[in-house]
Amino acid sequence: DSGVTQTPKHLITATGQRVTLRCSPRSGDLSVYWYQQSLDQGLQFLIQYYNGEERAKGNILERFSAQQFPDLHSELNLSSLELGDSALYFCASSVDNQELTFGSGTRLTVV
Amino acid sequence: EDKVVQSPLSLVVHEGDTVTLNCSYEVTNFRSLLWYKQEKKAPTFLFMLTSSGIEKKSGRLSSILDKKELFSILNITATQTGDSAIYLCAVDKGAQKLVFGQGTRLTINP
């Protein structure tokens with residue numbers, strides 16, 4: 001157990017729907033990162049939050065949004081889902097912004 | 001455009017063999033290079049390299065960085081079936097985001 005908790009582990013939903021992925025960082029970590037891992041694209045950085053504020057943005061689609069709450073947990077919202085959004089979504093946390101600790105991921109399947 | 005390229009993409013060897021995984025990069029604002037091991041799900045941290053020519057070692061794993069030629073290698077000696085995993089190389093650009101390579105899928109056969 002890495003200390004980073006992601007829920008749910010698996011999610012199957014239809015195109016056009018909206019889902020929310022949840023992440024609780026490791027105790028003491030203020031930074032939360034979201035990554036998308038698909039078969040053909042590898043691990044892609046989506047967005048980072050630090051202590052509740054957006055810190056860096058990567059290849060995140062406009063249909064996706066995220067936030068970090070005062071208790072430091074984070075949610076990634078994916079809307080108007082398309083088949084191509086099927087992927088593993090990882091959350092990671094860190095205390096020093098370099099060595100990331102990853103959660104076990106949420107496998108999203110859009111049908 | 002930032003690029004991290006790993007080779008080979010896939011490697012199958014016998015237990016006891018030594019393997020070398022490669023990672024080359026072209027990024028702006030290089031800060032450090034990191035290696036991760038991904039087994040079933042979550043990538044786990046192996047090494048962080050910031051200086052050229054200094055080998056980092058952990059048991060049978062070792063890694064070195066060449067900042068002039070822009071690459072790193074990860075060596076695994078006396079491989080075991082438990083080393084089977086995807087090995088990910090990532091470059092930290094210093095903007096709190098990592099650029100990952102595609103990964104090398106390593107399979108160790110008994």
# chains A, B, ... in the order shown; residues from 1 in each chain; ligands from 1
call {"tool": "interface_residues", "arguments": {"of": "chain B", "to": "chain A", "cutoff": "6 Å", "atoms": "only C-alpha atoms", "output": "VMD selection string"}}
result
chain B and resid 41 to 42 96 100 102
call {"tool": "write_last_selection", "arguments": {"atoms": "all heavy atoms", "output": "mmCIF file, in the first residue's frame"}}
result
data_model
loop_
_atom_site.group_PDB
_atom_site.id
_atom_site.type_symbol
_atom_site.label_atom_id
_atom_site.label_comp_id
_atom_site.auth_asym_id
_atom_site.auth_seq_id
_atom_site.Cartn_x
_atom_site.Cartn_y
_atom_site.Cartn_z
ATOM 1 N N LYS B 41 -0.055 -2.316 -11.068
ATOM 2 C CA LYS B 41 -0.785 -1.054 -11.193
ATOM 3 C C LYS B 41 0.133 0.149 -10.999
ATOM 4 O O LYS B 41 0.582 0.760 -11.944
ATOM 5 C CB LYS B 41 -1.924 -1.008 -10.161
ATOM 6 C CG LYS B 41 -3.181 -1.764 -10.578
ATOM 7 C CD LYS B 41 -3.990 -0.985 -11.567
ATOM 8 C CE LYS B 41 -5.346 -1.604 -11.879
ATOM 9 N NZ LYS B 41 -6.380 -1.281 -10.865
ATOM 10 N N ALA B 42 0.366 0.499 -9.730
ATOM 11 C CA ALA B 42 1.014 1.780 -9.445
ATOM 12 C C ALA B 42 2.518 1.738 -9.718
ATOM 13 O O ALA B 42 3.218 0.850 -9.258
ATOM 14 C CB ALA B 42 0.787 2.151 -7.987
ATOM 15 N N GLN B 96 7.204 21.155 -11.983
ATOM 16 C CA GLN B 96 6.342 20.245 -11.232
ATOM 17 C C GLN B 96 5.551 19.312 -12.142
ATOM 18 O O GLN B 96 4.442 18.929 -11.845
ATOM 19 C CB GLN B 96 5.365 21.012 -10.328
ATOM 20 C CG GLN B 96 6.018 21.608 -9.105
ATOM 21 C CD GLN B 96 6.666 22.935 -9.424
ATOM 22 O OE1 GLN B 96 6.058 23.759 -10.059
ATOM 23 N NE2 GLN B 96 7.903 23.120 -9.005
ATOM 24 N N PHE B 100 6.974 11.427 -19.266
ATOM 25 C CA PHE B 100 7.286 9.998 -19.224
ATOM 26 C C PHE B 100 7.583 9.462 -20.615
ATOM 27 O O PHE B 100 7.021 9.915 -21.617
ATOM 28 C CB PHE B 100 6.107 9.206 -18.654
ATOM 29 C CG PHE B 100 6.025 9.211 -17.159
ATOM 30 C CD1 PHE B 100 5.377 10.227 -16.491
ATOM 31 C CD2 PHE B 100 6.606 8.181 -16.424
ATOM 32 C CE1 PHE B 100 5.309 10.232 -15.107
ATOM 33 C CE2 PHE B 100 6.535 8.180 -15.039
ATOM 34 C CZ PHE B 100 5.880 9.202 -14.380
ATOM 35 N N GLN B 102 7.558 5.861 -23.066
ATOM 36 C CA GLN B 102 6.532 4.844 -23.306
ATOM 37 C C GLN B 102 6.682 3.643 -22.391
ATOM 38 O O GLN B 102 5.741 2.892 -22.203
ATOM 39 C CB GLN B 102 6.623 4.348 -24.762
ATOM 40 C CG GLN B 102 6.201 5.361 -25.790
ATOM 41 C CD GLN B 102 4.697 5.410 -25.930
ATOM 42 O OE1 GLN B 102 4.008 5.964 -25.074
ATOM 43 N NE2 GLN B 102 4.179 4.828 -26.980
#
call {"tool": "residues_around", "arguments": {"residues": "range 47-61 of chain B", "least_positions_apart": "2", "cutoff": "8 Å", "atoms": "only C-alpha atoms", "output": "number ranges by chain"}}
result
A: 99; B: 31-36, 45, 63-68, 74-79
call {"tool": "write_last_selection", "arguments": {"atoms": "N, CA, C and O atoms", "output": "PDB file, in the first residue's frame"}}
result
ATOM      1  N   GLU A  99       9.798  13.240  -6.224  1.00  0.00           N
ATOM      2  CA  GLU A  99       9.583  11.808  -6.078  1.00  0.00           C
ATOM      3  C   GLU A  99       8.110  11.557  -5.831  1.00  0.00           C
ATOM      4  O   GLU A  99       7.584  11.809  -4.753  1.00  0.00           O
TER       5      GLU A  99
ATOM      6  N   ARG B  31      15.657  18.964 -15.139  1.00  0.00           N
ATOM      7  CA  ARG B  31      15.975  19.092 -13.714  1.00  0.00           C
ATOM      8  C   ARG B  31      16.515  17.775 -13.171  1.00  0.00           C
ATOM      9  O   ARG B  31      17.504  17.750 -12.456  1.00  0.00           O
ATOM     10  N   SER B  32      15.860  16.685 -13.522  1.00  0.00           N
ATOM     11  CA  SER B  32      16.323  15.368 -13.076  1.00  0.00           C
ATOM     12  C   SER B  32      15.662  14.291 -13.928  1.00  0.00           C
ATOM     13  O   SER B  32      14.695  14.565 -14.647  1.00  0.00           O
ATOM     14  N   LEU B  33      16.202  13.092 -13.857  1.00  0.00           N
ATOM     15  CA  LEU B  33      15.629  11.955 -14.559  1.00  0.00           C
ATOM     16  C   LEU B  33      15.284  10.898 -13.529  1.00  0.00           C
ATOM     17  O   LEU B  33      16.062  10.635 -12.603  1.00  0.00           O
ATOM     18  N   LEU B  34      14.121  10.322 -13.669  1.00  0.00           N
ATOM     19  CA  LEU B  34      13.647   9.345 -12.695  1.00  0.00           C
ATOM     20  C   LEU B  34      13.292   8.034 -13.379  1.00  0.00           C
ATOM     21  O   LEU B  34      12.833   8.025 -14.515  1.00  0.00           O
ATOM     22  N   TRP B  35      13.533   6.941 -12.677  1.00  0.00           N
ATOM     23  CA  TRP B  35      13.118   5.611 -13.126  1.00  0.00           C
ATOM     24  C   TRP B  35      12.056   5.075 -12.168  1.00  0.00           C
ATOM     25  O   TRP B  35      12.199   5.180 -10.945  1.00  0.00           O
ATOM     26  N   TYR B  36      11.015   4.491 -12.771  1.00  0.00           N
ATOM     27  CA  TYR B  36       9.947   3.866 -12.006  1.00  0.00           C
ATOM     28  C   TYR B  36       9.754   2.437 -12.505  1.00  0.00           C
ATOM     29  O   TYR B  36       9.978   2.134 -13.668  1.00  0.00           O
ATOM     30  N   PHE B  45       8.801   4.162  -7.299  1.00  0.00           N
ATOM     31  CA  PHE B  45      10.025   4.909  -7.540  1.00  0.00           C
ATOM     32  C   PHE B  45      11.249   4.017  -7.388  1.00  0.00           C
ATOM     33  O   PHE B  45      11.359   3.221  -6.455  1.00  0.00           O
ATOM     34  N   SER B  63      21.777   2.562 -12.150  1.00  0.00           N
ATOM     35  CA  SER B  63      21.416   3.493 -13.214  1.00  0.00           C
ATOM     36  C   SER B  63      22.435   4.610 -13.265  1.00  0.00           C
ATOM     37  O   SER B  63      23.059   4.964 -12.258  1.00  0.00           O
ATOM     38  N   ILE B  64      22.604   5.147 -14.463  1.00  0.00           N
ATOM     39  CA  ILE B  64      23.551   6.231 -14.655  1.00  0.00           C
ATOM     40  C   ILE B  64      22.988   7.197 -15.685  1.00  0.00           C
ATOM     41  O   ILE B  64      22.186   6.812 -16.537  1.00  0.00           O
ATOM     42  N   LEU B  65      23.401   8.437 -15.589  1.00  0.00           N
ATOM     43  CA  LEU B  65      22.888   9.505 -16.450  1.00  0.00           C
ATOM     44  C   LEU B  65      24.046  10.140 -17.217  1.00  0.00           C
ATOM     45  O   LEU B  65      25.129  10.345 -16.654  1.00  0.00           O
ATOM     46  N   ASP B  66      23.819  10.431 -18.483  1.00  0.00           N
ATOM     47  CA  ASP B  66      24.784  11.159 -19.300  1.00  0.00           C
ATOM     48  C   ASP B  66      24.087  12.416 -19.817  1.00  0.00           C
ATOM     49  O   ASP B  66      23.304  12.366 -20.760  1.00  0.00           O
ATOM     50  N   LYS B  67      24.384  13.546 -19.192  1.00  0.00           N
ATOM     51  CA  LYS B  67      23.683  14.785 -19.548  1.00  0.00           C
ATOM     52  C   LYS B  67      24.236  15.416 -20.817  1.00  0.00           C
ATOM     53  O   LYS B  67      23.604  16.284 -21.410  1.00  0.00           O
ATOM     54  N   LYS B  68      25.407  14.973 -21.257  1.00  0.00           N
ATOM     55  CA  LYS B  68      25.960  15.499 -22.507  1.00  0.00           C
ATOM     56  C   LYS B  68      25.273  14.830 -23.694  1.00  0.00           C
ATOM     57  O   LYS B  68      24.882  15.484 -24.656  1.00  0.00           O
ATOM     58  N   LEU B  74      19.365   1.871 -17.344  1.00  0.00           N
ATOM     59  CA  LEU B  74      19.018   1.130 -16.132  1.00  0.00           C
ATOM     60  C   LEU B  74      19.495  -0.305 -16.347  1.00  0.00           C
ATOM     61  O   LEU B  74      19.107  -0.951 -17.313  1.00  0.00           O
ATOM     62  N   ASN B  75      20.369  -0.764 -15.475  1.00  0.00           N
ATOM     63  CA  ASN B  75      20.893  -2.130 -15.552  1.00  0.00           C
ATOM     64  C   ASN B  75      20.280  -2.996 -14.471  1.00  0.00           C
ATOM     65  O   ASN B  75      20.135  -2.559 -13.325  1.00  0.00           O
ATOM     66  N   ILE B  76      19.941  -4.203 -14.844  1.00  0.00           N
ATOM     67  CA  ILE B  76      19.495  -5.189 -13.862  1.00  0.00           C
ATOM     68  C   ILE B  76      20.332  -6.446 -14.067  1.00  0.00           C
ATOM     69  O   ILE B  76      20.344  -7.028 -15.156  1.00  0.00           O
ATOM     70  N   THR B  77      21.076  -6.840 -13.041  1.00  0.00           N
ATOM     71  CA  THR B  77      21.918  -8.039 -13.144  1.00  0.00           C
ATOM     72  C   THR B  77      21.211  -9.210 -12.473  1.00  0.00           C
ATOM     73  O   THR B  77      20.319  -9.030 -11.635  1.00  0.00           O
ATOM     74  N   ALA B  78      21.605 -10.409 -12.864  1.00  0.00           N
ATOM     75  CA  ALA B  78      21.073 -11.648 -12.275  1.00  0.00           C
ATOM     76  C   ALA B  78      19.558 -11.564 -12.148  1.00  0.00           C
ATOM     77  O   ALA B  78      18.995 -11.720 -11.054  1.00  0.00           O
ATOM     78  N   THR B  79      18.885 -11.301 -13.264  1.00  0.00           N
ATOM     79  CA  THR B  79      17.439 -11.051 -13.238  1.00  0.00           C
ATOM     80  C   THR B  79      16.662 -12.209 -12.628  1.00  0.00           C
ATOM     81  O   THR B  79      17.052 -13.382 -12.725  1.00  0.00           O
TER      82      THR B  79
END
call {"tool": "select_by_dssp", "arguments": {"residues": "chain B", "states": "strand (DSSP E or B)", "output": "ChimeraX atom specification"}}
result
/B:3-7,10-14,19-26,32-38,43-49,56-58,61-66,71-76,85-92,98-100,104-109
call {"tool": "write_last_selection", "arguments": {"atoms": "C-alpha atoms", "output": "PDB file, in the first residue's frame"}}
result
ATOM      1  CA  LYS B   3      10.415  13.909 -25.865  1.00  0.00           C
ATOM      2  CA  VAL B   4      11.432  10.926 -23.743  1.00  0.00           C
ATOM      3  CA  VAL B   5      12.123   7.757 -25.707  1.00  0.00           C
ATOM      4  CA  GLN B   6      12.739   4.365 -24.184  1.00  0.00           C
ATOM      5  CA  SER B   7      14.163   1.314 -25.849  1.00  0.00           C
ATOM      6  CA  SER B  10       9.700  -4.945 -24.975  1.00  0.00           C
ATOM      7  CA  LEU B  11      12.352  -7.398 -23.822  1.00  0.00           C
ATOM      8  CA  VAL B  12      12.130 -11.088 -22.942  1.00  0.00           C
ATOM      9  CA  VAL B  13      15.087 -12.789 -21.259  1.00  0.00           C
ATOM     10  CA  HIS B  14      15.845 -15.813 -19.104  1.00  0.00           C
ATOM     11  CA  VAL B  19      19.557  -6.474 -19.048  1.00  0.00           C
ATOM     12  CA  THR B  20      20.139  -2.856 -19.993  1.00  0.00           C
ATOM     13  CA  LEU B  21      17.218  -0.510 -20.558  1.00  0.00           C
ATOM     14  CA  ASN B  22      17.728   2.758 -22.379  1.00  0.00           C
ATOM     15  CA  CYS B  23      16.154   6.171 -22.033  1.00  0.00           C
ATOM     16  CA  SER B  24      16.985   9.180 -24.200  1.00  0.00           C
ATOM     17  CA  TYR B  25      15.447  12.592 -23.822  1.00  0.00           C
ATOM     18  CA  GLU B  26      15.061  15.990 -25.401  1.00  0.00           C
ATOM     19  CA  SER B  32      16.323  15.368 -13.076  1.00  0.00           C
ATOM     20  CA  LEU B  33      15.629  11.955 -14.559  1.00  0.00           C
ATOM     21  CA  LEU B  34      13.647   9.345 -12.695  1.00  0.00           C
ATOM     22  CA  TRP B  35      13.118   5.611 -13.126  1.00  0.00           C
ATOM     23  CA  TYR B  36       9.947   3.866 -12.006  1.00  0.00           C
ATOM     24  CA  LYS B  37       8.916   0.215 -11.954  1.00  0.00           C
ATOM     25  CA  GLN B  38       5.293  -0.551 -12.779  1.00  0.00           C
ATOM     26  CA  PRO B  43       4.496   2.819 -10.619  1.00  0.00           C
ATOM     27  CA  THR B  44       6.997   2.670  -7.779  1.00  0.00           C
ATOM     28  CA  PHE B  45      10.025   4.909  -7.540  1.00  0.00           C
ATOM     29  CA  LEU B  46      13.468   3.415  -8.238  1.00  0.00           C
ATOM     30  CA  PHE B  47      16.029   6.152  -8.810  1.00  0.00           C
ATOM     31  CA  MET B  48      16.409   9.874  -9.289  1.00  0.00           C
ATOM     32  CA  LEU B  49      19.443  11.071 -11.239  1.00  0.00           C
ATOM     33  CA  LYS B  56      23.031   4.997  -8.390  1.00  0.00           C
ATOM     34  CA  LYS B  57      22.739   1.457  -7.105  1.00  0.00           C
ATOM     35  CA  SER B  58      20.102  -0.514  -5.261  1.00  0.00           C
ATOM     36  CA  LEU B  61      19.636  -2.492 -10.064  1.00  0.00           C
ATOM     37  CA  SER B  62      21.833   0.398 -11.082  1.00  0.00           C
ATOM     38  CA  SER B  63      21.416   3.493 -13.214  1.00  0.00           C
ATOM     39  CA  ILE B  64      23.551   6.231 -14.655  1.00  0.00           C
ATOM     40  CA  LEU B  65      22.888   9.505 -16.450  1.00  0.00           C
ATOM     41  CA  ASP B  66      24.784  11.159 -19.300  1.00  0.00           C
ATOM     42  CA  PHE B  71      20.426   9.522 -22.027  1.00  0.00           C
ATOM     43  CA  SER B  72      20.235   7.216 -19.087  1.00  0.00           C
ATOM     44  CA  ILE B  73      20.508   3.456 -18.687  1.00  0.00           C
ATOM     45  CA  LEU B  74      19.018   1.130 -16.132  1.00  0.00           C
ATOM     46  CA  ASN B  75      20.893  -2.130 -15.552  1.00  0.00           C
ATOM     47  CA  ILE B  76      19.495  -5.189 -13.862  1.00  0.00           C
ATOM     48  CA  ALA B  85       7.417  -5.276 -15.032  1.00  0.00           C
ATOM     49  CA  ILE B  86       7.172  -2.141 -17.130  1.00  0.00           C
ATOM     50  CA  TYR B  87      10.093   0.183 -16.445  1.00  0.00           C
ATOM     51  CA  LEU B  88       9.289   3.848 -16.901  1.00  0.00           C
ATOM     52  CA  CYS B  89      11.731   6.664 -17.428  1.00  0.00           C
ATOM     53  CA  ALA B  90      10.601  10.222 -16.726  1.00  0.00           C
ATOM     54  CA  VAL B  91      12.230  13.636 -16.917  1.00  0.00           C
ATOM     55  CA  ASP B  92      11.341  16.370 -14.464  1.00  0.00           C
ATOM     56  CA  LEU B  98       7.119  14.778 -15.367  1.00  0.00           C
ATOM     57  CA  VAL B  99       7.420  13.784 -19.003  1.00  0.00           C
ATOM     58  CA  PHE B 100       7.286   9.998 -19.224  1.00  0.00           C
ATOM     59  CA  THR B 104       9.971  -0.933 -21.523  1.00  0.00           C
ATOM     60  CA  ARG B 105       8.011  -4.109 -20.829  1.00  0.00           C
ATOM     61  CA  LEU B 106      10.495  -6.576 -19.343  1.00  0.00           C
ATOM     62  CA  THR B 107       9.576 -10.246 -19.071  1.00  0.00           C
ATOM     63  CA  ILE B 108      11.837 -12.648 -17.216  1.00  0.00           C
ATOM     64  CA  ASN B 109      11.215 -16.306 -18.042  1.00  0.00           C
TER      65      ASN B 109
END
call {"tool": "residues_around", "arguments": {"residues": "range 27-29 of chain B", "least_positions_apart": "5", "cutoff": "7 Å", "atoms": "only C-alpha atoms", "output": "PyMOL selection string"}}
result
chain B and resi 2-3+93-94
call {"tool": "closest_residue", "arguments": {"among": "B:Pro110, B:Lys97, B:Asp83, B:Phe30", "to": "Ser93 in chain A", "atoms": "only C-alpha atoms"}}
result
B:Lys97
call {"tool": "residues_around", "arguments": {"residues": "range 81-87 of chain A", "least_positions_apart": "5", "cutoff": "7 Å", "atoms": "only C-alpha atoms", "output": "VMD selection string"}}
result
chain A and resid 15 to 18 36 to 38 107 to 111
call {"tool": "residues_around", "arguments": {"residues": "Phe69 in chain A", "least_positions_apart": "3", "cutoff": "9 Å", "atoms": "only C-alpha atoms", "output": "PyMOL selection string"}}
result
chain A and resi 51-52+72-75
call {"tool": "write_last_selection", "arguments": {"atoms": "N, CA and C atoms", "output": "short mmCIF file (atom, residue, chain, number, x, y, z; two decimals), in the first residue's frame"}}
result
data_model
loop_
_atom_site.label_atom_id
_atom_site.label_comp_id
_atom_site.auth_asym_id
_atom_site.auth_seq_id
_atom_site.Cartn_x
_atom_site.Cartn_y
_atom_site.Cartn_z
N ASN A 51 -1.73 22.18 -2.27
CA ASN A 51 -2.42 22.78 -1.13
C ASN A 51 -3.69 23.52 -1.57
N GLY A 52 -4.42 22.89 -2.46
CA GLY A 52 -5.71 23.45 -2.86
C GLY A 52 -5.70 24.31 -4.10
N LEU A 72 -7.24 18.11 1.39
CA LEU A 72 -6.21 17.74 0.42
C LEU A 72 -6.60 16.59 -0.50
N HIS A 73 -7.77 16.00 -0.33
CA HIS A 73 -8.14 15.01 -1.32
C HIS A 73 -8.49 15.73 -2.62
N SER A 74 -8.40 14.99 -3.70
CA SER A 74 -8.63 15.60 -5.01
C SER A 74 -9.63 14.79 -5.80
N GLU A 75 -10.32 15.46 -6.69
CA GLU A 75 -11.26 14.79 -7.60
C GLU A 75 -10.96 15.21 -9.03
#
call {"tool": "atom_distance", "arguments": {"atom1": "CA of Ala14 in chain A", "atom2": "CA of Val32 in chain A"}}
result
27.5 Å
